Structures are given as structure tokens and as C-alpha cells.
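J.: Sending over input-v6.cif (mmCIF, C-alpha atoms).
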```
data_query
#
loop_
_atom_site.label_atom_id
_atom_site.label_comp_id
_atom_site.auth_asym_id
_atom_site.auth_seq_id
_atom_site.Cartn_x
_atom_site.Cartn_y
_atom_site.Cartn_z
CA MET G 154 -81.93 83.93 -12.70
CA LYS G 155 -85.17 85.23 -11.22
CA ILE G 156 -86.85 83.63 -8.22
CA SER G 157 -89.95 84.25 -6.12
CA LEU G 158 -90.90 83.33 -2.57
CA THR G 159 -94.46 82.37 -1.76
CA LYS G 160 -96.55 80.69 0.92
CA GLY G 161 -100.06 79.39 1.51
CA LYS G 162 -102.34 77.54 3.91
CA SER G 163 -105.64 75.75 3.76
CA GLU G 164 -108.00 73.23 5.20
CA GLY G 165 -109.42 70.55 2.86
CA PRO G 166 -111.60 67.43 2.79
CA THR G 167 -108.66 65.08 2.04
CA LYS G 168 -104.88 65.27 2.48
CA LEU G 169 -104.41 65.75 -1.28
CA ASN G 170 -107.06 68.46 -1.43
CA ALA G 171 -105.70 70.32 1.62
CA PHE G 172 -102.30 70.33 -0.10
CA ASP G 173 -103.80 71.44 -3.42
CA ASN G 174 -105.75 74.21 -1.67
CA ALA G 175 -102.61 75.43 0.09
CA LEU G 176 -100.78 75.52 -3.26
CA LEU G 177 -103.66 77.56 -4.72
CA ASP G 178 -103.42 79.93 -1.74
CA ALA G 179 -99.72 80.31 -2.60
CA ASP G 180 -100.51 81.02 -6.29
CA ILE G 181 -98.75 77.84 -7.42
CA GLY G 182 -101.77 75.54 -7.57
CA ASN G 183 -102.19 75.54 -11.34
CA VAL G 184 -98.71 74.49 -12.42
CA ASN G 185 -96.65 71.29 -12.43
CA LEU G 186 -94.17 71.54 -9.61
CA ILE G 187 -90.83 69.76 -10.03
CA PRO G 188 -88.93 69.73 -6.72
CA VAL G 189 -85.20 70.37 -6.95
CA SER G 190 -82.43 70.49 -4.39
CA SER G 191 -81.73 73.83 -3.34
CA MET G 192 -78.95 75.94 -4.82
CA LEU G 193 -79.03 79.33 -6.52
CA PRO G 194 -76.73 80.71 -9.22
CA PRO G 195 -74.97 84.05 -8.71
CA ASN G 196 -76.89 87.26 -9.46
CA THR G 197 -80.27 85.91 -8.46
CA GLU G 198 -83.06 88.47 -8.55
CA VAL G 199 -86.09 88.11 -6.30
CA ILE G 200 -89.30 89.21 -8.03
CA PRO G 201 -92.92 89.27 -6.84
CA MET G 202 -94.75 86.07 -7.69
CA PRO G 203 -95.90 86.42 -11.32
CA GLU G 204 -98.99 84.70 -12.71
CA LEU G 205 -97.89 81.30 -13.99
CA LYS G 206 -99.48 79.58 -16.99
CA PRO G 207 -101.66 76.56 -16.13
CA GLY G 208 -99.79 73.29 -16.58
CA GLU G 209 -96.29 74.79 -16.88
CA MET G 210 -93.37 72.70 -15.57
CA THR G 211 -92.04 74.78 -12.68
CA ASN G 212 -88.88 74.07 -10.67
CA CYS G 213 -89.16 74.82 -6.99
CA VAL G 214 -87.97 74.07 -3.49
CA LEU G 215 -91.08 73.25 -1.52
CA SER G 216 -91.60 73.06 2.22
CA ARG G 217 -94.87 71.53 3.38
CA GLN G 218 -96.54 70.31 6.54
CA TYR G 219 -99.84 68.48 6.88
CA SER G 220 -101.82 67.48 9.96
CA ASP G 221 -105.28 66.10 10.63
CA ASN G 222 -104.99 66.57 14.37
CA PRO G 223 -107.26 69.50 15.36
CA GLY G 224 -105.40 72.16 17.34
CA ASP G 225 -101.97 71.33 15.93
CA GLU G 226 -99.86 74.34 15.03
CA ILE G 227 -98.30 73.54 11.66
CA ALA G 228 -95.57 75.57 10.01
CA ALA G 229 -93.57 75.54 6.77
CA VAL G 230 -90.44 77.62 6.29
CA ILE G 231 -88.49 78.47 3.17
CA ALA G 232 -85.36 80.58 3.31
CA TYR G 233 -82.49 81.57 1.08
CA ALA G 234 -79.03 82.93 1.71
CA GLN G 235 -77.41 84.59 -1.27
CA ALA G 236 -73.65 84.98 -1.51
CA ASP G 237 -71.46 86.36 -4.26
CA GLU G 238 -70.83 83.15 -6.19
CA MET G 239 -74.00 81.21 -5.39
CA GLY G 240 -76.90 80.93 -2.97
CA CYS G 241 -78.47 78.25 -0.77
CA VAL G 242 -82.13 77.44 -0.22
CA ILE G 243 -83.31 75.96 3.07
CA GLU G 244 -86.58 74.28 3.87
CA THR G 245 -87.87 73.15 7.21
CA SER G 246 -91.26 72.48 8.70
CA GLY G 247 -92.83 71.30 11.91
CA ILE G 248 -95.83 70.52 14.06
CA ASN G 249 -96.22 72.39 17.35
CA LYS G 250 -92.76 73.93 17.07
CA SER G 251 -92.33 77.60 17.95
CA VAL G 252 -91.94 80.04 15.07
CA LYS G 253 -88.81 81.38 16.74
CA ASP G 254 -87.21 77.92 16.87
CA LEU G 255 -88.05 77.20 13.23
CA GLU G 256 -86.68 80.56 12.11
CA GLU G 257 -83.48 80.01 14.08
CA GLU G 258 -83.14 76.50 12.68
CA ALA G 259 -83.44 77.80 9.09
CA LYS G 260 -80.98 80.61 9.78
CA PHE G 261 -78.48 78.24 11.38
CA MET G 262 -78.61 75.83 8.43
CA ALA G 263 -78.27 78.65 5.90
CA GLU G 264 -75.31 80.22 7.70
CA TYR G 265 -73.62 76.85 8.04
CA MET G 266 -74.08 76.05 4.32
CA ILE G 267 -72.62 79.39 3.24
CA GLU G 268 -69.69 79.20 5.71
CA LYS G 269 -68.95 75.65 4.56
CA ARG G 270 -68.49 77.05 1.04
CA GLU G 271 -66.22 79.81 2.44
CA LEU G 272 -68.59 82.50 1.26
CA GLU G 273 -70.40 85.38 2.94
CA ILE G 274 -74.12 86.06 3.08
CA LEU G 275 -75.09 89.20 1.16
CA ASP G 276 -78.84 88.71 1.44
CA TYR G 277 -80.96 86.47 3.65
CA LYS G 278 -84.71 86.06 3.73
CA ALA G 279 -87.06 83.56 5.36
CA VAL G 280 -90.77 83.11 4.78
CA ILE G 281 -92.88 81.18 7.28
CA GLN G 282 -96.47 80.04 6.97
CA THR G 283 -98.30 78.90 10.09
CA HIS G 284 -101.80 77.58 10.70
CA THR G 285 -103.81 76.09 13.55
CA VAL G 286 -105.46 72.89 12.29
CA ILE G 287 -109.26 72.79 12.42
CA ASP G 288 -109.82 69.44 10.70
CA LYS G 289 -107.34 68.54 7.93
CA ALA G 290 -104.88 71.24 6.94
CA CYS G 291 -101.71 71.92 5.02
CA VAL G 292 -99.21 74.77 4.91
CA VAL G 293 -96.66 75.35 2.17
CA ALA G 294 -93.76 77.73 1.63
CA ALA G 295 -91.86 77.67 -1.63
CA LEU G 296 -89.08 79.20 -3.65
CA ILE G 297 -89.94 79.27 -7.36
CA TYR G 298 -87.23 79.24 -10.04
CA HIS G 299 -88.08 81.29 -13.12
CA ASN G 300 -86.04 80.71 -16.32
CA PRO G 301 -83.85 77.98 -14.72
CA ILE G 302 -80.38 77.20 -16.05
CA ARG G 303 -80.42 73.66 -17.43
CA HIS G 304 -77.34 71.46 -17.47
CA MET O 226 -100.04 69.44 -24.96
CA LYS O 227 -100.39 65.70 -25.55
CA ILE O 228 -100.70 63.20 -22.73
CA SER O 229 -101.12 59.42 -22.40
CA LEU O 230 -102.52 57.20 -19.68
CA THR O 231 -100.93 53.86 -18.97
CA LYS O 232 -100.81 51.12 -16.34
CA GLY O 233 -98.88 47.97 -15.48
CA LYS O 234 -98.39 45.23 -12.91
CA SER O 235 -95.76 42.65 -12.10
CA GLU O 236 -94.17 40.38 -9.59
CA GLY O 237 -90.38 40.58 -9.13
CA PRO O 238 -87.51 39.19 -7.05
CA THR O 239 -86.90 42.51 -5.23
CA LYS O 240 -88.96 45.64 -4.57
CA LEU O 241 -86.93 47.61 -7.14
CA ASN O 242 -87.29 44.87 -9.73
CA ALA O 243 -91.05 44.43 -9.15
CA PHE O 244 -91.39 48.20 -9.69
CA ASP O 245 -89.19 48.12 -12.79
CA ASN O 246 -91.16 45.17 -14.19
CA ALA O 247 -94.45 46.99 -13.61
CA LEU O 248 -93.05 50.05 -15.44
CA LEU O 249 -92.05 47.78 -18.35
CA ASP O 250 -95.56 46.31 -18.37
CA ALA O 251 -96.85 49.90 -18.63
CA ASP O 252 -94.45 50.68 -21.54
CA ILE O 253 -92.55 53.27 -19.47
CA GLY O 254 -89.76 51.00 -18.21
CA ASN O 255 -87.04 52.29 -20.54
CA VAL O 256 -87.22 56.02 -19.86
CA ASN O 257 -86.18 58.37 -17.06
CA LEU O 258 -89.33 59.31 -15.19
CA ILE O 259 -89.44 62.75 -13.54
CA PRO O 260 -92.46 63.01 -11.25
CA VAL O 261 -94.35 66.31 -11.34
CA SER O 262 -97.33 67.64 -9.47
CA SER O 263 -100.33 67.27 -11.35
CA MET O 264 -101.85 69.99 -13.51
CA LEU O 265 -102.70 70.07 -17.20
CA PRO O 266 -102.73 73.06 -19.56
CA PRO O 267 -105.86 73.84 -21.61
CA ASN O 268 -106.44 71.93 -24.86
CA THR O 269 -104.80 68.73 -23.69
CA GLU O 270 -105.03 65.88 -26.17
CA VAL O 271 -105.00 62.27 -24.96
CA ILE O 272 -103.10 59.99 -27.33
CA PRO O 273 -102.34 56.26 -27.21
CA MET O 274 -99.06 55.54 -25.47
CA PRO O 275 -96.33 56.03 -28.10
CA GLU O 276 -93.02 54.18 -28.06
CA LEU O 277 -90.60 56.27 -26.01
CA LYS O 278 -86.88 56.45 -26.72
CA PRO O 279 -84.69 54.65 -24.16
CA GLY O 280 -83.26 57.05 -21.60
CA GLU O 281 -85.48 60.05 -22.45
CA MET O 282 -86.38 62.41 -19.59
CA THR O 283 -90.14 61.98 -19.26
CA ASN O 284 -92.45 64.03 -17.02
CA CYS O 285 -95.25 62.07 -15.43
CA VAL O 286 -97.65 61.73 -12.55
CA LEU O 287 -97.13 58.25 -11.18
CA SER O 288 -99.30 56.21 -8.85
CA ARG O 289 -97.69 53.08 -7.41
CA GLN O 290 -98.34 50.43 -4.81
CA TYR O 291 -96.04 47.66 -3.64
CA SER O 292 -96.63 44.75 -1.31
CA ASP O 293 -94.74 41.63 -0.33
CA ASN O 294 -97.66 40.18 1.61
CA PRO O 295 -99.09 37.25 -0.42
CA GLY O 296 -102.81 37.60 -1.01
CA ASP O 297 -102.88 41.39 -0.73
CA GLU O 298 -105.01 43.15 -3.33
CA ILE O 299 -102.95 46.11 -4.50
CA ALA O 300 -104.25 48.91 -6.69
CA ALA O 301 -102.95 52.09 -8.33
CA VAL O 302 -105.25 54.72 -9.79
CA ILE O 303 -104.52 57.66 -12.05
CA ALA O 304 -107.26 60.03 -13.16
CA TYR O 305 -107.62 63.37 -14.85
CA ALA O 306 -110.37 65.93 -15.04
CA GLN O 307 -110.08 68.40 -17.91
CA ALA O 308 -111.82 71.76 -17.80
CA ASP O 309 -111.76 74.65 -20.22
CA GLU O 310 -108.82 76.58 -18.79
CA MET O 311 -106.81 73.75 -17.24
CA GLY O 312 -106.98 70.18 -15.99
CA CYS O 313 -106.16 68.29 -12.79
CA VAL O 314 -104.44 64.94 -12.36
CA ILE O 315 -105.22 62.72 -9.39
CA GLU O 316 -103.33 59.75 -8.07
CA THR O 317 -104.33 57.36 -5.35
CA SER O 318 -103.43 53.81 -4.42
CA GLY O 319 -104.18 51.22 -1.79
CA ILE O 320 -103.83 47.77 -0.32
CA ASN O 321 -107.00 45.70 0.14
CA LYS O 322 -109.24 48.63 -0.73
CA SER O 323 -112.22 48.04 -3.02
CA VAL O 324 -111.92 49.20 -6.61
CA LYS O 325 -115.22 51.04 -6.21
CA ASP O 326 -113.94 52.98 -3.17
CA LEU O 327 -110.69 53.93 -4.92
CA GLU O 328 -112.56 55.05 -8.03
CA GLU O 329 -114.96 57.13 -5.94
CA GLU O 330 -112.07 58.64 -3.98
CA ALA O 331 -110.31 59.69 -7.21
CA LYS O 332 -113.54 61.11 -8.64
CA PHE O 333 -114.27 63.04 -5.45
CA MET O 334 -110.80 64.60 -5.36
CA ALA O 335 -110.96 65.53 -9.05
CA GLU O 336 -114.40 67.11 -8.75
CA TYR O 337 -113.35 69.03 -5.67
CA MET O 338 -110.18 70.35 -7.36
CA ILE O 339 -112.10 71.55 -10.41
CA GLU O 340 -114.91 73.13 -8.34
CA LYS O 341 -112.34 74.88 -6.14
CA ARG O 342 -111.03 76.55 -9.31
CA GLU O 343 -114.61 77.51 -10.29
CA LEU O 344 -114.40 75.46 -13.46
CA GLU O 345 -116.45 72.64 -14.97
CA ILE O 346 -115.32 69.18 -15.93
CA LEU O 347 -115.49 68.63 -19.70
CA ASP O 348 -113.75 65.27 -19.69
CA TYR O 349 -112.93 62.81 -16.92
CA LYS O 350 -111.11 59.53 -17.11
CA ALA O 351 -109.67 57.15 -14.52
CA VAL O 352 -107.39 54.18 -15.06
CA ILE O 353 -106.97 51.55 -12.35
CA GLN O 354 -104.50 48.69 -12.16
CA THR O 355 -105.11 45.91 -9.67
CA HIS O 356 -103.19 42.76 -8.77
CA THR O 357 -103.32 39.99 -6.18
CA VAL O 358 -99.85 39.62 -4.69
CA ILE O 359 -98.20 36.21 -5.08
CA ASP O 360 -94.80 37.01 -3.57
CA LYS O 361 -93.48 40.56 -4.17
CA ALA O 362 -95.52 42.71 -6.52
CA CYS O 363 -96.04 46.25 -7.76
CA VAL O 364 -98.77 48.03 -9.67
CA VAL O 365 -98.40 51.37 -11.41
CA ALA O 366 -100.73 53.77 -13.18
CA ALA O 367 -99.36 56.89 -14.82
CA LEU O 368 -100.14 59.97 -16.84
CA ILE O 369 -97.32 60.79 -19.25
CA TYR O 370 -96.69 64.35 -20.45
CA HIS O 371 -95.48 64.60 -24.03
CA ASN O 372 -93.90 67.89 -25.23
CA PRO O 373 -94.28 69.58 -21.81
CA ILE O 374 -94.47 73.37 -21.49
CA ARG O 375 -91.42 74.53 -19.55
CA HIS O 376 -91.41 77.63 -17.41
CA MET K 67 -75.21 61.10 -23.64
CA LYS K 68 -72.42 61.63 -21.14
CA ILE K 69 -72.67 60.57 -17.51
CA SER K 70 -70.45 60.68 -14.43
CA LEU K 71 -70.32 58.63 -11.26
CA THR K 72 -69.51 60.28 -7.98
CA LYS K 73 -69.67 59.71 -4.22
CA GLY K 74 -69.22 61.57 -0.97
CA LYS K 75 -69.50 61.35 2.82
CA SER K 76 -69.66 63.75 5.71
CA GLU K 77 -70.68 64.47 9.24
CA GLY K 78 -72.77 67.57 9.91
CA PRO K 79 -74.59 69.46 12.68
CA THR K 80 -78.08 68.68 11.27
CA LYS K 81 -79.49 66.04 8.91
CA LEU K 82 -79.82 68.63 6.12
CA ASN K 83 -76.27 69.88 6.64
CA ALA K 84 -74.77 66.37 6.79
CA PHE K 85 -76.51 65.67 3.46
CA ASP K 86 -75.34 68.98 1.97
CA ASN K 87 -71.78 68.32 3.16
CA ALA K 88 -71.82 64.85 1.59
CA LEU K 89 -73.03 66.37 -1.70
CA LEU K 90 -70.16 68.90 -1.52
CA ASP K 91 -67.73 66.03 -0.90
CA ALA K 92 -69.14 64.41 -4.06
CA ASP K 93 -68.70 67.65 -6.08
CA ILE K 94 -72.46 68.02 -6.58
CA GLY K 95 -73.18 70.33 -3.66
CA ASN K 96 -73.57 73.54 -5.66
CA VAL K 97 -76.19 72.47 -8.20
CA ASN K 98 -79.93 71.79 -8.20
CA LEU K 99 -80.37 68.03 -8.26
CA ILE K 100 -83.47 66.66 -9.98
CA PRO K 101 -83.85 62.95 -9.25
CA VAL K 102 -84.95 60.78 -12.18
CA SER K 103 -85.69 57.10 -12.52
CA SER K 104 -82.90 55.32 -13.79
CA MET K 105 -82.43 54.44 -17.47
CA LEU K 106 -79.63 55.27 -19.88
CA PRO K 107 -79.82 55.77 -23.65
CA PRO K 108 -77.55 53.76 -25.96
CA ASN K 109 -73.96 54.97 -26.51
CA THR K 110 -73.55 56.43 -23.05
CA GLU K 111 -70.07 57.75 -22.34
CA VAL K 112 -68.72 57.86 -18.79
CA ILE K 113 -66.62 60.95 -18.16
CA PRO K 114 -64.79 62.17 -15.04
CA MET K 115 -66.96 64.47 -12.95
CA PRO K 116 -66.67 67.93 -14.52
CA GLU K 117 -67.04 71.16 -12.57
CA LEU K 118 -70.73 72.08 -12.60
CA LYS K 119 -72.01 75.66 -12.64
CA PRO K 120 -73.60 76.80 -9.35
CA GLY K 121 -77.37 76.57 -9.47
CA GLU K 122 -77.64 74.46 -12.66
CA MET K 123 -80.57 72.04 -12.91
CA THR K 124 -78.89 68.64 -12.93
CA ASN K 125 -80.61 65.29 -13.53
CA CYS K 126 -79.28 62.45 -11.44
CA VAL K 127 -79.96 59.11 -9.81
CA LEU K 128 -79.02 59.57 -6.16
CA SER K 129 -78.42 56.98 -3.48
CA ARG K 130 -78.20 58.31 0.07
CA GLN K 131 -78.08 57.04 3.63
CA TYR K 132 -78.22 59.03 6.84
CA SER K 133 -77.78 57.99 10.45
CA ASP K 134 -77.41 59.75 13.77
CA ASN K 135 -76.55 56.57 15.65
CA PRO K 136 -72.82 56.67 16.51
CA GLY K 137 -70.99 53.55 15.31
CA ASP K 138 -73.42 52.76 12.51
CA GLU K 139 -71.80 51.69 9.25
CA ILE K 140 -73.69 53.53 6.53
CA ALA K 141 -73.33 52.86 2.81
CA ALA K 142 -74.70 54.21 -0.47
CA VAL K 143 -74.28 52.35 -3.76
CA ILE K 144 -74.84 53.49 -7.33
CA ALA K 145 -74.32 51.14 -10.24
CA TYR K 146 -75.02 51.01 -13.94
CA ALA K 147 -75.23 48.22 -16.46
CA GLN K 148 -74.92 49.32 -20.07
CA ALA K 149 -76.25 47.18 -22.91
CA ASP K 150 -76.38 47.79 -26.64
CA GLU K 151 -79.78 49.45 -26.84
CA MET K 152 -80.00 51.06 -23.38
CA GLY K 153 -78.62 50.94 -19.87
CA CYS K 154 -79.99 50.60 -16.34
CA VAL K 155 -79.02 52.50 -13.19
CA ILE K 156 -79.35 50.87 -9.78
CA GLU K 157 -79.29 52.49 -6.38
CA THR K 158 -79.24 50.82 -3.01
CA SER K 159 -78.14 51.80 0.45
CA GLY K 160 -78.03 50.43 3.96
CA ILE K 161 -77.10 50.67 7.61
CA ASN K 162 -74.79 48.02 9.05
CA LYS K 163 -74.98 45.91 5.90
CA SER K 164 -71.79 44.36 4.55
CA VAL K 165 -70.19 45.98 1.51
CA LYS K 166 -70.14 42.57 -0.16
CA ASP K 167 -73.89 42.09 0.34
CA LEU K 168 -74.69 45.56 -0.99
CA GLU K 169 -72.46 45.06 -4.03
CA GLU K 170 -74.06 41.68 -4.76
CA GLU K 171 -77.54 43.17 -4.33
CA ALA K 172 -76.78 45.93 -6.84
CA LYS K 173 -75.25 43.44 -9.29
CA PHE K 174 -78.21 41.10 -8.99
CA MET K 175 -80.74 43.88 -9.65
CA ALA K 176 -78.74 45.18 -12.62
CA GLU K 177 -78.39 41.75 -14.19
CA TYR K 178 -82.07 41.03 -13.67
CA MET K 179 -83.11 44.35 -15.27
CA ILE K 180 -80.94 43.77 -18.33
CA GLU K 181 -82.04 40.13 -18.73
CA LYS K 182 -85.67 41.15 -18.40
CA ARG K 183 -85.15 43.40 -21.42
CA GLU K 184 -83.49 40.49 -23.29
CA LEU K 185 -80.23 42.39 -23.59
CA GLU K 186 -76.64 41.68 -22.59
CA ILE K 187 -74.41 43.69 -20.28
CA LEU K 188 -71.48 45.27 -22.14
CA ASP K 189 -70.23 47.35 -19.25
CA TYR K 190 -70.97 47.28 -15.52
CA LYS K 191 -69.67 49.51 -12.79
CA ALA K 192 -70.63 50.06 -9.16
CA VAL K 193 -69.49 52.81 -6.81
CA ILE K 194 -69.91 52.44 -3.06
CA GLN K 195 -69.42 55.03 -0.34
CA THR K 196 -69.16 53.88 3.26
CA HIS K 197 -68.72 55.71 6.54
CA THR K 198 -68.74 54.94 10.26
CA VAL K 199 -71.04 57.44 11.96
CA ILE K 200 -69.45 59.63 14.63
CA ASP K 201 -72.43 61.87 15.42
CA LYS K 202 -74.72 62.71 12.47
CA ALA K 203 -73.55 61.55 9.07
CA CYS K 204 -74.61 61.04 5.49
CA VAL K 205 -73.18 59.14 2.52
CA VAL K 206 -74.18 59.68 -1.09
CA ALA K 207 -73.42 57.98 -4.39
CA ALA K 208 -74.79 59.39 -7.61
CA LEU K 209 -74.93 59.06 -11.36
CA ILE K 210 -75.05 62.46 -13.06
CA TYR K 211 -76.66 62.94 -16.48
CA HIS K 212 -74.93 65.53 -18.65
CA ASN K 213 -76.79 66.89 -21.72
CA PRO K 214 -79.93 64.79 -21.03
CA ILE K 215 -82.34 63.86 -23.84
CA ARG K 216 -85.66 65.57 -23.13
CA HIS K 217 -88.98 64.14 -24.26
#
```
Show me the file's structure as C-alpha cells.
T.:
Amino acid sequence: MKISLTKGKSEGPTKLNAFDNALLDADIGNVNLIPVSSMLPPNTEVIPMPELKPGEMTNCVLSRQYSDNPGDEIAAVIAYAQADEMGCVIETSGINKSVKDLEEEAKFMAEYMIEKRELEILDYKAVIQTHTVIDKACVVAALIYHNPIRH
Amino acid sequence: MKISLTKGKSEGPTKLNAFDNALLDADIGNVNLIPVSSMLPPNTEVIPMPELKPGEMTNCVLSRQYSDNPGDEIAAVIAYAQADEMGCVIETSGINKSVKDLEEEAKFMAEYMIEKRELEILDYKAVIQTHTVIDKACVVAALIYHNPIRH
Amino acid sequence: MKISLTKGKSEGPTKLNAFDNALLDADIGNVNLIPVSSMLPPNTEVIPMPELKPGEMTNCVLSRQYSDNPGDEIAAVIAYAQADEMGCVIETSGINKSVKDLEEEAKFMAEYMIEKRELEILDYKAVIQTHTVIDKACVVAALIYHNPIRH
């Protein structure tokens, strides 16, 4: 299966519009996102974010954080840890948390999930989007599943 | 792609049952609803709500509002704005908000989303379901995706 | 359509990991869960939980309860009521609620849903997972849809 990582941030006049703007900034604003919980098949290939067709149903793991408190530091993190037999996707987010703490938190959760399955991490990557709120703002970070395997 | 708009309202003995009853009132009570975020492909056709097969997986954007406070005015709004290249779906809901305010809020968000994409609205429609709570009640308004385009 | 019922419980170092561990305990930790609302087609067959392929997209109704308050009794319930023309799935959960109360609550909601549709229950089953929290813990109970009917 192919996947892509992406992220975006934006201010907006309403909570919904700030979110929509952040999705546009992440190049996933024109599709129908269907959130899924967070596992990868073996042999996952990470590709650059392709252009998606408007209105497509698109499976993803989405991390988001919104705040309308000016000055807040908001952050959204998405990470994956790929092992031989499968991979795990981790999302976390926060307000006024340090980037270092969020990155360590994601790494810890990923390592724990892979160890719990008695596997070893072959590839790990985390993407973090931060923003200092001016008025109403949203950050997103997402892992997009291309050609998902349906059960 | 074909879509339908629908709405429903109901009282019920529990929160889950009031919700289920409202879905039945909206003719979407017998399917498996999978919520998606909110974009339409080009050339979307709006059709009257067809009869859906029990247990079908059905993509939708769903607006809902529940209250167990007798006398509350609850409302759920679903709206779409179709442009040439794509369309946007908006959901909002509220307790004791005026219908006019909710309709204006939906319109504002739709117009903003379409302008942000540098498009023009060719077709706009909003559906609102209101209800005055007697005991425990739920209202729903939904946009149903028929034959969705999968990524 | 074929379905399976499953349940699991676990402690974990974080909320996400306790949840992931509980999903592993329920044999659904290696797939991508897509939550759906809660109806069954006619002629549903209940099968033992098969081994799922890592990373598969898997439709489910999921009941979950988390607590980080040591001593809490947490419980997750999933139930289904199958009638001739369709079936209903019920989820409920709680902290420090009696098993008897939760089971009666699920039964009541199921019976009400089936009666509302003017049908009769041919088959009813509830699965409950309980756990006494040591540090951070999660319980899950789920109904898994195999070969779902897409709209």
C-alpha cells in the first residue's frame, strides 16, 4: 500500500473554516476524509502527496488542534513506525506543549506499540505542524492511505 | 455522483433511542452510516431520498443535536454549495439558537469555503430540522452520498 | 453478511497505548477500524473471530471505556438483536456501573429499536468486558463486519 504524510495550518473566521483552511493548506481540503484507526500493512511505500480528485473518499489518520485563544501555541503530530509485518500510526496534539515533548510522546507510543507486537522498527518518521494563534486557528497533520486494502 | 438531503426528529426513552428514532424519521435508520468530511465532486446530482437496503454501508455528512432539557429548541442544519469543479457540505446545529442565525451561519461558512477555493456557487441549498424538546429528543439533518468515488 | 463479536481489556502506559493494548487483546489491534452506525442486513451469520490481515480497513461498531482512576470498575458492552428483515447493534459503556444494569440497558435499547421497526427479535446476544483499573486501563467490546455491503 502507498501512503503520504502531510500537514497544514491556518487561521479562519469560524472553527469549521479554520479547520477547512488547514486541510487546504495540507492539500487534503477537497476530498472526503474518512478517519480510520491507525495500522499499516507490510511493504508500505511512502510517496509524496499526490493531487487528489475533488470529492474522493479518502482514508486517513488525522491529528488536529484548534484554539481561539490568541498567543496559544498549537501543534499536531502524526507519526508512523514501520516494521516487517505491519506498521503503526500515532497521532497526538497539544496546546502550549513543547515540540520536543510532543515528538518524544509520539516516539514513545510508537516504540511501545511495535514492542508490544514483538516487532522491530525498520522506519520511523514524525511530522509536526505548529502555529501561534492570532485569532482562530487550526493545525492538522495527517497520514493518507492510497489504494487501501478493504476487508 | 448522486446525493440526497434528508432530515428527521424524534423523542425517545434514551439518548441512543432518540437518535435512532430521528434517523428512522429521516429514512436513514436502517443503514450503517459512515461519517465523512464534507466535499462533493463536480457534476453532483441531487435526487429524492431513495429506499436504502438494511445494513448497507452509507457515507454521509450528518448534523445532529440532542437535548434532555424540556422546552429546549434544538436544530440541525445541513447545507451544500455546488461550484463548477467541486462542492462543499456544511453542518451546524444548536440549542435555543434562532433558525435565521443558524441559516446565516451555514450560508456564511459555505460562501467562505467556495470563495477560498476561488470558485463560484452555482447551486446552494440548506435543510434545517427543528424540534421543541418534550423529554429526550434528537434532530438530524444529513447529506447522503450515493455511489461514492473511492480513492 | 458475516459478523463477529469480540472483547478485550488492558492496562497501558498512556491512554492511546491502553486502548491499543485492549484492541490487541480483542484480536482487532492490527487492522484499521472504521466505526459505523449500527445496523445489520438480514441473514447475518455470526462467526468466530477470524485472523484479520494487518492494515485491512475493517468496519465495526466499537464500545470502549477508559479510566486512569485506580479502583474504577470499567465496562464496555456490545449487543445485537437480529430480526427477520434486519438487525440492530447496541453499544454502551460505563464506569462503576453494575454489570446487571449495563446488560439491562443494552437489552432495553435493543428491544426498543426492534419494536420501533415493528419486527421481532429472533436472536439476541450481548458481550460485556469488565476490568478493575490498576493505573491506566481500557476495555473494548466490538462487533466486526466481514464482507460489508457497500452502497
J.: By how many Å are atom CA of Ala145 of chain K and atom CA of Met175 of chain K apart?
T.: 9.7 Å
J.: Translate the PyMOL selection byres ((chain G) within 6 of (chain K)), as applied to the file shown, into an explicit residue set as a ChimeraX atom specification.
T.: /G:189-194,239,302-304
J.: Can you spit out the residues from that selection as a CSV table (one decimal), in the coordinates of the input, using C-alpha atoms?
T.:
```csv
chain,number,residue,atom,x,y,z
G,189,VAL,CA,-85.2,70.4,-7.0
G,190,SER,CA,-82.4,70.5,-4.4
G,191,SER,CA,-81.7,73.8,-3.3
G,192,MET,CA,-79.0,75.9,-4.8
G,193,LEU,CA,-79.0,79.3,-6.5
G,194,PRO,CA,-76.7,80.7,-9.2
G,239,MET,CA,-74.0,81.2,-5.4
G,302,ILE,CA,-80.4,77.2,-16.0
G,303,ARG,CA,-80.4,73.7,-17.4
G,304,HIS,CA,-77.3,71.5,-17.5
```
J.: Between atom CA of Glu256 of chain G and atom CA of Glu244 of chain G, what is the distance in Å, rounded to a tenth?
T.: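 According to the coordinates, atom CA of Glu256 of chain G and atom CA of Glu244 of chain G are separated by 10.4 Å.
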J.: Rounded to one decimal in Å, what is the spacing between atom CA of Lys253 of chain G and atom CA of Ala229 of chain G?
T.: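 Pair atom CA of Lys253 of chain G / atom CA of Ala229 of chain G returns 12.5 Å.
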J.: At a cut-off of 9 Å, using only C-alpha atoms, what residues contact segment 200-210 of chain K? Leave out same-chain residues fewer than 2 positions from it and give the result as a PyMOL selection string.
T.: chain K and resi 68-81+84-89+92+94+115+124-138+140-146+155+157+159+193-198+212
J.: Taking the file as I've supplied it (selection: the PyMOL selection byres ((chain G and resi 277) around 7)), which residues are included? Please answer as a list in words.
T.: Tyr233, Ala234, Gln235, Ile274, Leu275, Asp276, Lys278 and Ala279 of chain G
J.: Using only C-alpha atoms, which residue out of O:Cys313, O:Val358, O:Gly319, O:Pro273 lies closest to Lys341 of chain O?
T.: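 Closest residue, counting only C-alpha atoms: O:Cys313.
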J.: Using only C-alpha atoms, which protein or nucleic acid residues come within 7 Å of Pro195 of chain G? Drop anything in the same chain fewer than 3 positions from it, and give the result as a list of chain:residue names.
T.: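 My reading of the contact set: G:Asp237, G:Glu238, G:Met239, G:Gly240.
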J.: Using the partial input, fill out segment 169-176 of chain K with N, CA, C and O atoms; write the result as a tab-separated table (two decimals), in the coordinates of the input.
T.:
```tsv
chain	number	residue	atom	x	y	z
K	169	GLU	N	-72.98	45.16	-2.66
K	169	GLU	CA	-72.46	45.06	-4.03
K	169	GLU	C	-73.16	43.93	-4.78
K	169	GLU	O	-73.50	44.07	-5.96
K	170	GLU	N	-73.37	42.80	-4.10
K	170	GLU	CA	-74.06	41.68	-4.76
K	170	GLU	C	-75.51	42.02	-5.06
K	170	GLU	O	-76.04	41.63	-6.10
K	171	GLU	N	-76.15	42.75	-4.14
K	171	GLU	CA	-77.54	43.17	-4.33
K	171	GLU	C	-77.67	44.07	-5.57
K	171	GLU	O	-78.58	43.88	-6.38
K	172	ALA	N	-76.75	45.03	-5.68
K	172	ALA	CA	-76.78	45.93	-6.84
K	172	ALA	C	-76.56	45.15	-8.13
K	172	ALA	O	-77.28	45.33	-9.13
K	173	LYS	N	-75.58	44.26	-8.11
K	173	LYS	CA	-75.25	43.44	-9.29
K	173	LYS	C	-76.44	42.58	-9.70
K	173	LYS	O	-76.79	42.50	-10.88
K	174	PHE	N	-77.06	41.96	-8.70
K	174	PHE	CA	-78.21	41.10	-8.99
K	174	PHE	C	-79.33	41.89	-9.65
K	174	PHE	O	-79.91	41.48	-10.66
K	175	MET	N	-79.64	43.08	-9.10
K	175	MET	CA	-80.74	43.88	-9.65
K	175	MET	C	-80.43	44.35	-11.07
K	175	MET	O	-81.30	44.37	-11.93
K	176	ALA	N	-79.15	44.73	-11.29
K	176	ALA	CA	-78.74	45.18	-12.62
K	176	ALA	C	-78.86	44.05	-13.64
K	176	ALA	O	-79.41	44.22	-14.73
```
